[in-house]
Each structure stands twice: as C-alpha cells, then as structure tokens.
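Data first, discussion second: the structure below is written as structure tokens.
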Amino acid sequence: MPAAGVPLADRTLRAALGEAGPLGSTVLQLAARLRSDPDRIIGSLERLAGRSEVVRMGRGLWVLREFEELGDRDGFLTPEAVAEEFERAEGVALGTYRGPITFTDTQDRPIHRWWPYVQGYSAEFVRGVLESADLPEGAGVLDPFAGSGTTLVEARRHGYRAFGIELLPPAALAARVKTRFELPPRALVGAYRRWIEQARRRAPGALPFLRETHRQFSARTLRDLTRLRDALPSSDRPESEALRLLFGSVLIPSSRLHRSPCLGYRRRAVDGPGPFARVEAGVRAMTEDLESIARARRRWGPPATVLEEDARRAVLPKGRIGLAITSPPYVNGMDYVMNYKLDLAWLGYASSYADLAELRRREVACDNLPRSDPGLQRAIRTDLDPWLPAILQAIRGNLARKGSYRRDDMDAVVQRYFADLLPVVENVHRALKPRARWVVVVGDSLLAGAYVPGDLLFARLARSRGFRIVAVEVARQRRSGQRRSFALRESVVTLERADG
Ligand SMILES: C[S@@+](CC[C@H](N)C(=O)[O-])C[C@H]1O[C@@H](n2cnc3c(N)ncnc32)[C@H](O)[C@@H]1O
C-alpha cells in the first residue's frame, strides 16, 4: 500500500469513480479498490472537489461531476419523462393532493397515540377519503396492509365495518387494541394495577435474544423492563392485549434507540423517565381516550376484523367491500422486521434470528431478503408490467459497471416486490363491490442508480388486473437516501373496480 499522505494521482481516482458511474463510491470503497489509505483518498477527493471535478452526494458517496445530475445521462429515465409516458399511455396526468399525509400529523391524536407507527399515514387523510366516499352506514372498509390500524380506527369511528390484514404481529396487535373502543376504562385500570403490583414484586428476568440488548438499554432499564414483561398477563382478553401494547410502546422511548424512520442509535443519551413511569403515563392516555371515544358510541361501526396474515394469501369476503384504503410497503422502502425487532423479541413474537428471517420472508420483499431466498428470481417475468424489463436492465447495467454494491441482485428484489403486490391487487379486486374505489398511498424510489416509479407501476399493475386509474396525486416530496438532491415523491393513487 502506498504511504499515507502521498497524494494519489488524480487520474487514478477519476478512473475509479468513472467505473462506479452514477452509483458513486464511498471513501472506504475507493480505499479498498485502489489499495490505498482512506486518509489519502480523502485528501485526493478534496483536491478534486476543490476543482469541481467530483461531488459528494448523500450517505458519503462521491461521484464524478458528470454523474451529479442523473437526468443528464443518456438512457436514465427521469421522473418527468416517466410521468409523461404514463399520461400518454394511461390518459392520467399527475395532480396534487393537498392535506396532511404522514403519521407525524397523527401521532399525538387520541387512540392513534397508543402506538406511534412512523410508517403510518395520517388519520386526517383517511377521514377525508371516507367522507368523500360517502358510503352507506355499516359499509365494509378494507385495509390489506393495515399497519397500526389508522384506516380501521377511522372507519369504525365513522360507522363502517372495518377489515384489516397485517402480518407484523406488533402492528396487528396495535390494530386490534386500537379498534376495541368498548374496552371499559375501569377494566383496563384494574388489569394495569394488578400488572404493576406483580411486576414490582418480581426479580429481574432473562434478556431477549437480541445481540445488542446491553447496548440498547441501561442496566437499570433492563431490570425494570424484564420485570414488567414477565408480569404481563398472558390471556388474550382485551385489557391484557392493551397492556401488551402499552409495554411495547415504551420500549423505544426507554432505550438508546430512535426510529426516524429506521432504527438507529441516538447521538446523545437522553435520561428520561423509567419504564414504570412511562407505562403509567401511557395507561392514563389510554383511559382518557377510551372515555372520550365512548361519548360518540352511537356512531361506531361494528367491531373491526383484523387478520394477522399474509395479504397475498388472506381469504376475504367476495364483492362485499365498499372502499379500500391502504399504503403498501414501498419498493426497497423499509425492512419492517428489522425496525420492529425489539417489539417482536420483547413481546415474545420471535425467539431467535431465524424467527425474524422467517417473518421477513413472508412480508412484501425488501432489500434485506437473504440472497438465498427462493422467491428471488433473476429471469424477467413478463406478466408484471411492460415497463419493468427496462428498469431491471438499467439496475443490472449499473451494478455490473460498479462491480461492488450492497447486493448484486437488486434487480431480483425489485421484481419480487412487484410480484408480491400482484396477488394483493387481485385479492382486493375480488373483495370490492363493482365500481368501489381503492385509494393507495405509495412512493417511487431510486435504486442502484435507476429510477423506479413505484406509484405509477402500482397503478398500472392494478389497471392490468381490472381497475380503472381514476387519479394519481402527488402528496409530498421525499429525498432519496442514495442522493439527497434527487427528489422522490409520495402519491395518492385512486383506483376503481372497473367491471360491473
Ligand atoms: C406502510 S405500512 C402501513 C401503515 C398503515 N397505513 C398505518 O397507518 O399504520 C405497510 C404495512 O404492510 C405490512 N406488510 C408487509 N408485507 C405484508 C404482507 N405480506 N401481508 C400483510 N401485511 C404486510 C407491513 O408489516 C407494514 O405494517
């Protein structure tokens, strides 16, 4: 290895970055590739940056200036070009949705605050969709990716029969508990007192299987959490499940982690209240919310149904649903299993890393799927969408050019994502009444240097399976993690069951 401090030839560095192309390289990747010292690479990069020959993108990636704007490159499909093509092919121009869309707007609201789910959407958005649909009382409202139950809570509150499917056990627990409006506050408080009394008498218990448990929590917090966990009532009575949710909801706030939206360590330790104080505040909020919702009891719809199942296979009542509202996982958006591993482990839904891997295999594909997953196929499926082969080819081309990337089968992950959504689209189509609508919040992505219009592909997939595309409205802009300067979007796609 050449000595540190000796500058690297500009030509050598430019050539290495040129090979990485639009994907760029980190300092460590360049150091490994050029067998050089990272400090030397940094010095050389800064020199080139001073001459505007290289640019630093998001996540520590460096690219040659010519790759700064993806849209300038031959063959790169820009969001604008794809939207124009969509309008030509589907006769629908992208509009604008005005109104709150993210869960941030909802996380302090009664009931919704019981288990803040950053991946959720806003209750106000769901209310708007319900109100404009103007369904008859008691009509069925479905959410096939129900998450923490935002759709179900609002549907029941508006007098509808709510159906939800959700595979992630802690989220399904949240959806069940949050839609049980009839839970008497006194029963909850009684169960809470018995729980706390028992927990105070218990000795600290065994730690969950997660390797980083000692890093995630202080020793004192761990003692309190294991006592609380071991005293939780095991029945599936509504008040017992509410206490389980309450326990789950204090895990992250009591830890050194945060979710924003992915799980990560906080920069600075925050000494907040301990778990016992947190569950006490939580039960107070729950009882207040139950009392306040009871005042509108006359408007509630029938009890909600929450199926803790795979939405690709769930059996739904045929042709009985008046409206579906949902937000699926986004292509490469989120590894829900990784992000909720604390809840899964502490609540006893997973006892090993193998359990987590099994659950991940059943969720809609994300890029943490193991390479060995039998569902990851590199052969292009022609039944998904005619746009997909070119996108998959672009990803493959970028990966082949760079040579090293987080995973060399990203094209297979993207294909598997759309293949996973297809049976859900068919399932919802069967469940809806003729002419009923399905409103979907979904985003686009930038993956391995290729643009993947997830929202428009979702709309096209639905159209190919018997839906009419009513509208695609952009609700907000997001930033690509790969390139901070690349604007992604989140859209509201409105579909209608076309037959009948
Ligand atoms: C964007 S979130 C939905 C959030 C929800 N709208 C809310 O407000 O809480 C997508 C959900 O889909 C779930 N999911 C992923 N794959 C699934 C599958 N195969 N079957 C059912 N649910 C699945 C994830 O666990 C996640 O909770």
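For the structure tokens, the naming scheme is as follows: chains receive sequential letters (A, B, ...) according to their order of presentation, residues are indexed from 1 within each chain, and ligands are indexed from 1 in presentation order.
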Spatial neighbours of segment 308-313 of chain A, 7 Å, only C-alpha atoms, chain gap at least 3 places, as a ChimeraX atom specification: /A:144,165-167,169,172,362,423-424
Would you mind exporting all heavy atoms of the selected residues as an mmCIF file, in the first residue's frame?
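In the end it all went to part30.cif:
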data_model
loop_
_atom_site.group_PDB
_atom_site.id
_atom_site.type_symbol
_atom_site.label_atom_id
_atom_site.label_comp_id
_atom_site.auth_asym_id
_atom_site.auth_seq_id
_atom_site.Cartn_x
_atom_site.Cartn_y
_atom_site.Cartn_z
ATOM 1 N N PRO A 144 -55.655 -3.783 3.314
ATOM 2 C CA PRO A 144 -54.889 -5.034 3.242
ATOM 3 C C PRO A 144 -53.477 -4.942 3.820
ATOM 4 O O PRO A 144 -52.825 -5.972 3.995
ATOM 5 C CB PRO A 144 -54.833 -5.322 1.743
ATOM 6 C CG PRO A 144 -54.976 -3.996 1.088
ATOM 7 C CD PRO A 144 -55.829 -3.153 1.996
ATOM 8 N N ILE A 165 -55.790 -6.462 7.247
ATOM 9 C CA ILE A 165 -54.845 -7.580 7.210
ATOM 10 C C ILE A 165 -53.483 -6.987 7.552
ATOM 11 O O ILE A 165 -53.105 -5.939 7.009
ATOM 12 C CB ILE A 165 -54.758 -8.218 5.809
ATOM 13 C CG1 ILE A 165 -56.154 -8.513 5.272
ATOM 14 C CG2 ILE A 165 -53.933 -9.503 5.850
ATOM 15 C CD1 ILE A 165 -56.158 -8.972 3.823
ATOM 16 N N GLU A 166 -52.764 -7.637 8.439
ATOM 17 C CA GLU A 166 -51.434 -7.153 8.795
ATOM 18 C C GLU A 166 -50.610 -8.323 9.299
ATOM 19 O O GLU A 166 -51.040 -9.069 10.163
ATOM 20 C CB GLU A 166 -51.539 -6.049 9.864
ATOM 21 C CG GLU A 166 -50.228 -5.595 10.440
ATOM 22 C CD GLU A 166 -49.212 -5.095 9.413
ATOM 23 O OE1 GLU A 166 -49.562 -4.258 8.566
ATOM 24 O OE2 GLU A 166 -48.047 -5.569 9.462
ATOM 25 N N LEU A 167 -49.417 -8.449 8.736
ATOM 26 C CA LEU A 167 -48.587 -9.610 9.029
ATOM 27 C C LEU A 167 -47.667 -9.394 10.234
ATOM 28 O O LEU A 167 -47.310 -10.347 10.928
ATOM 29 C CB LEU A 167 -47.735 -9.908 7.784
ATOM 30 C CG LEU A 167 -46.961 -11.200 7.757
ATOM 31 C CD1 LEU A 167 -47.877 -12.402 7.908
ATOM 32 C CD2 LEU A 167 -46.206 -11.316 6.440
ATOM 33 N N PRO A 169 -46.695 -8.961 13.740
ATOM 34 C CA PRO A 169 -47.515 -9.157 14.937
ATOM 35 C C PRO A 169 -47.681 -7.917 15.842
ATOM 36 O O PRO A 169 -48.803 -7.651 16.275
ATOM 37 C CB PRO A 169 -46.827 -10.311 15.673
ATOM 38 C CG PRO A 169 -46.121 -11.059 14.591
ATOM 39 C CD PRO A 169 -45.676 -10.025 13.596
ATOM 40 N N ALA A 172 -50.221 -5.701 14.148
ATOM 41 C CA ALA A 172 -51.560 -6.304 14.188
ATOM 42 C C ALA A 172 -52.141 -6.171 15.601
ATOM 43 O O ALA A 172 -53.343 -5.903 15.769
ATOM 44 C CB ALA A 172 -51.494 -7.772 13.772
ATOM 45 N N ARG A 362 -42.022 -13.610 4.703
ATOM 46 C CA ARG A 362 -43.459 -13.549 4.414
ATOM 47 C C ARG A 362 -43.930 -12.127 4.129
ATOM 48 O O ARG A 362 -45.003 -11.907 3.593
ATOM 49 C CB ARG A 362 -44.233 -14.152 5.590
ATOM 50 C CG ARG A 362 -43.887 -15.631 5.793
ATOM 51 C CD ARG A 362 -44.549 -16.202 7.022
ATOM 52 N NE ARG A 362 -45.983 -16.173 6.919
ATOM 53 C CZ ARG A 362 -46.807 -16.036 7.955
ATOM 54 N NH1 ARG A 362 -46.341 -15.900 9.165
ATOM 55 N NH2 ARG A 362 -48.101 -16.015 7.775
ATOM 56 N N PRO A 423 -50.666 -10.512 -6.178
ATOM 57 C CA PRO A 423 -51.794 -11.249 -5.575
ATOM 58 C C PRO A 423 -52.624 -10.388 -4.623
ATOM 59 O O PRO A 423 -53.819 -10.645 -4.444
ATOM 60 C CB PRO A 423 -51.126 -12.403 -4.816
ATOM 61 C CG PRO A 423 -49.674 -12.109 -4.789
ATOM 62 C CD PRO A 423 -49.369 -11.131 -5.864
ATOM 63 N N VAL A 424 -52.008 -9.353 -4.046
ATOM 64 C CA VAL A 424 -52.772 -8.475 -3.151
ATOM 65 C C VAL A 424 -53.748 -7.644 -3.988
ATOM 66 O O VAL A 424 -54.920 -7.463 -3.626
ATOM 67 C CB VAL A 424 -51.832 -7.560 -2.314
ATOM 68 C CG1 VAL A 424 -52.631 -6.724 -1.339
ATOM 69 C CG2 VAL A 424 -50.786 -8.397 -1.581
#
Enumerate as a PyMOL selection string the residues within 7 Å of ligand 1, counting only C-alpha atoms and all ligand atoms. chain A and resi 103+117+119-122+144-151+165-168+171+309-312+326-329+336+362-364
Compile the contact shell of Val337 of chain A as a PDB file with C-alpha atoms, in the first residue's frame: residues with an atom at most 9 Å away, counting only C-alpha atoms, same-chain residues fewer than 4 positions apart removed.
ATOM      1  CA  LEU A 168     -46.289  -7.909  11.539  1.00  0.00           C
ATOM      2  CA  LYS A 341     -37.242  -6.381  16.147  1.00  0.00           C
ATOM      3  CA  LEU A 344     -41.004  -8.725  18.224  1.00  0.00           C
ATOM      4  CA  LEU A 356     -37.098 -12.852  12.325  1.00  0.00           C
ATOM      5  CA  ALA A 357     -35.817 -14.188   8.989  1.00  0.00           C
ATOM      6  CA  LEU A 359     -41.207 -13.351   9.158  1.00  0.00           C
ATOM      7  CA  ARG A 360     -39.201 -11.235   6.732  1.00  0.00           C
ATOM      8  CA  GLU A 363     -43.508  -9.730   4.253  1.00  0.00           C
TER       9      GLU A 363
END
Skipping near chain neighbours, those fewer than 2 positions away, what residues fall within 6 Å of segment 183-194 of chain A using only C-alpha atoms, listed as a PDB file with C-alpha atoms, in the first residue's frame?
ATOM      1  CA  ARG A 180     -61.653  -2.118  20.634  1.00  0.00           C
ATOM      2  CA  PHE A 181     -63.439   1.082  21.568  1.00  0.00           C
ATOM      3  CA  ILE A 196     -47.737  -3.292  38.181  1.00  0.00           C
ATOM      4  CA  GLU A 197     -48.176  -4.870  41.621  1.00  0.00           C
ATOM      5  CA  GLU A 239     -57.369  -5.498  28.637  1.00  0.00           C
ATOM      6  CA  THR A 287     -58.195   5.620  29.672  1.00  0.00           C
TER       7      THR A 287
END
Could you give me, as number ranges by chain, the residues within 12 Å of segment 110-112 of chain A, counting only C-alpha atoms and dropping anything in the same chain fewer than 4 positions from it? A: 103-106, 116-118, 120-124, 147-154, 157, 174-181, 242, 246, 249, 282-294
Just give me the gap between atom CA of Arg227 of chain A and atom CA of Ala350 of chain A in Å, one decimal is fine.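 So the two atoms, atom CA of Arg227 of chain A and atom CA of Ala350 of chain A, lie 18.8 Å apart.
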